[in-house]
Amino acid sequence: MTAWMVRTGHGPAHPISGGRPTAGPEGGTRSRGRGTSRVFGALAGAAALLTLAYGAGVGVAAQEPAPAAPGGHGAHDSHGGHGGHGGHGAHGASAADPSRADDVAGAGGSSWMRAAGVFSPPGSFVPSDALTYDTRLVPAGARIEVTRFTGPSGTRVGAGLHGLVPGRAYGMHVHTSPCGADPAAAGPHYQHRPSATADPVNEVWLDFRTDEDGDGRAEAVQDWNFREGGARSVIIHDRQGGAGERAACFTVPFGPEGSV
């Protein structure tokens, strides 16, 4: 790279190296600057430019913008049913833990959470928060990502899945407890009004249908927020609707502050 001298005052800037000296009044040579202080200022300016060019100094971190606030009720998927548009695809995992990646952020009374995992059977050599109980429906290595945005007007939950059975309908709901080796460990559906109706208004239903690649997306929007510690997982069922066999489970920090 070429380093350029920065100087104040009028007149063009000159390269630090490669300039031709001019004769001084005593027959010697001198720089084109106006005195020794100009030379030291030029060198300092060039050093500052080199420092900035090589990245030392100020760094700026890129941030993903929070999604728009929820604005409706219920859930819909891109293929019909109760799943959804606009969910994010699952991204596998982080380098620290190949089965999970979590992001939690909050600002202005709102909070944003993302959790991703890779399914494996209970008791696998590498522990995972994403467990498959039926590898015919949710193969080991299938991936899931769940997002949750909470704001003053309510909550939006999105899900993206990869590597499932192509062209198949699945049910999925938010449950009250973390996953365990026993499919029943996740407890019942989370309900906004406990012991009330089991429907997509009082619960979070994320039913979806996979495409020809085995990928699916779902989204549910509610005008209420989760109770802290009340929602801890999502269960994938073998059929859509309010019930079905539990095929897989993913432990998710749904609480207002993203704490499991």
# chains A, B, ... in the order shown; residues from 1 in each chain; ligands from 1
>>> select_by_dssp(residues="range 79-250 of chain A", states="strand (DSSP E)", output="ChimeraX atom specification")
/A:100-107,110-118,130-132,143-151,154-162,169-175,208-209,216-222,233-237,246-250
>>> residues_around(residues="His162 in chain A", least_positions_apart="5", cutoff="12 Å", atoms="only C-alpha atoms", output="PyMOL selection string")
chain A and resi 88-92+116-119+137-145+209-217
>>> closest_residue(among="A:Val204, A:Ala181, A:Ala220, A:Phe226", to="Pro122 in chain A", atoms="only C-alpha atoms")
A:Ala181
>>> closest_residue(among="A:Phe125, A:Tyr170, A:Phe250, A:Trp112", to="Ala186 in chain A", atoms="only C-alpha atoms")
A:Phe250
>>> atom_distance(atom1="CA of Gly242 in chain A", atom2="CA of Val201 in chain A")
11.9 Å
>>> atom_distance(atom1="CA of Pro127 in chain A", atom2="CA of Cys249 in chain A")
13.4 Å
>>> residues_around(residues="Asp238 in chain A", least_positions_apart="2", cutoff="8 Å", atoms="only C-alpha atoms", output="list in words")
Leu137, Ala169, Tyr170, Gly171, Ile236, Gln240, Gly244, Glu245, Arg246 and Ala247 of chain A
>>> closest_residue(among="A:Ala243, A:Thr197, A:Ala231, A:Asn225", to="Gly151 in chain A", atoms="only C-alpha atoms")
A:Asn225
>>> closest_residue(among="A:Gly167, A:Pro194, A:Pro178, A:Gly154", to="Val221 in chain A", atoms="only C-alpha atoms")
A:Gly154
>>> atom_distance(atom1="CA of Glu203 in chain A", atom2="CA of Thr176 in chain A")
10.8 Å
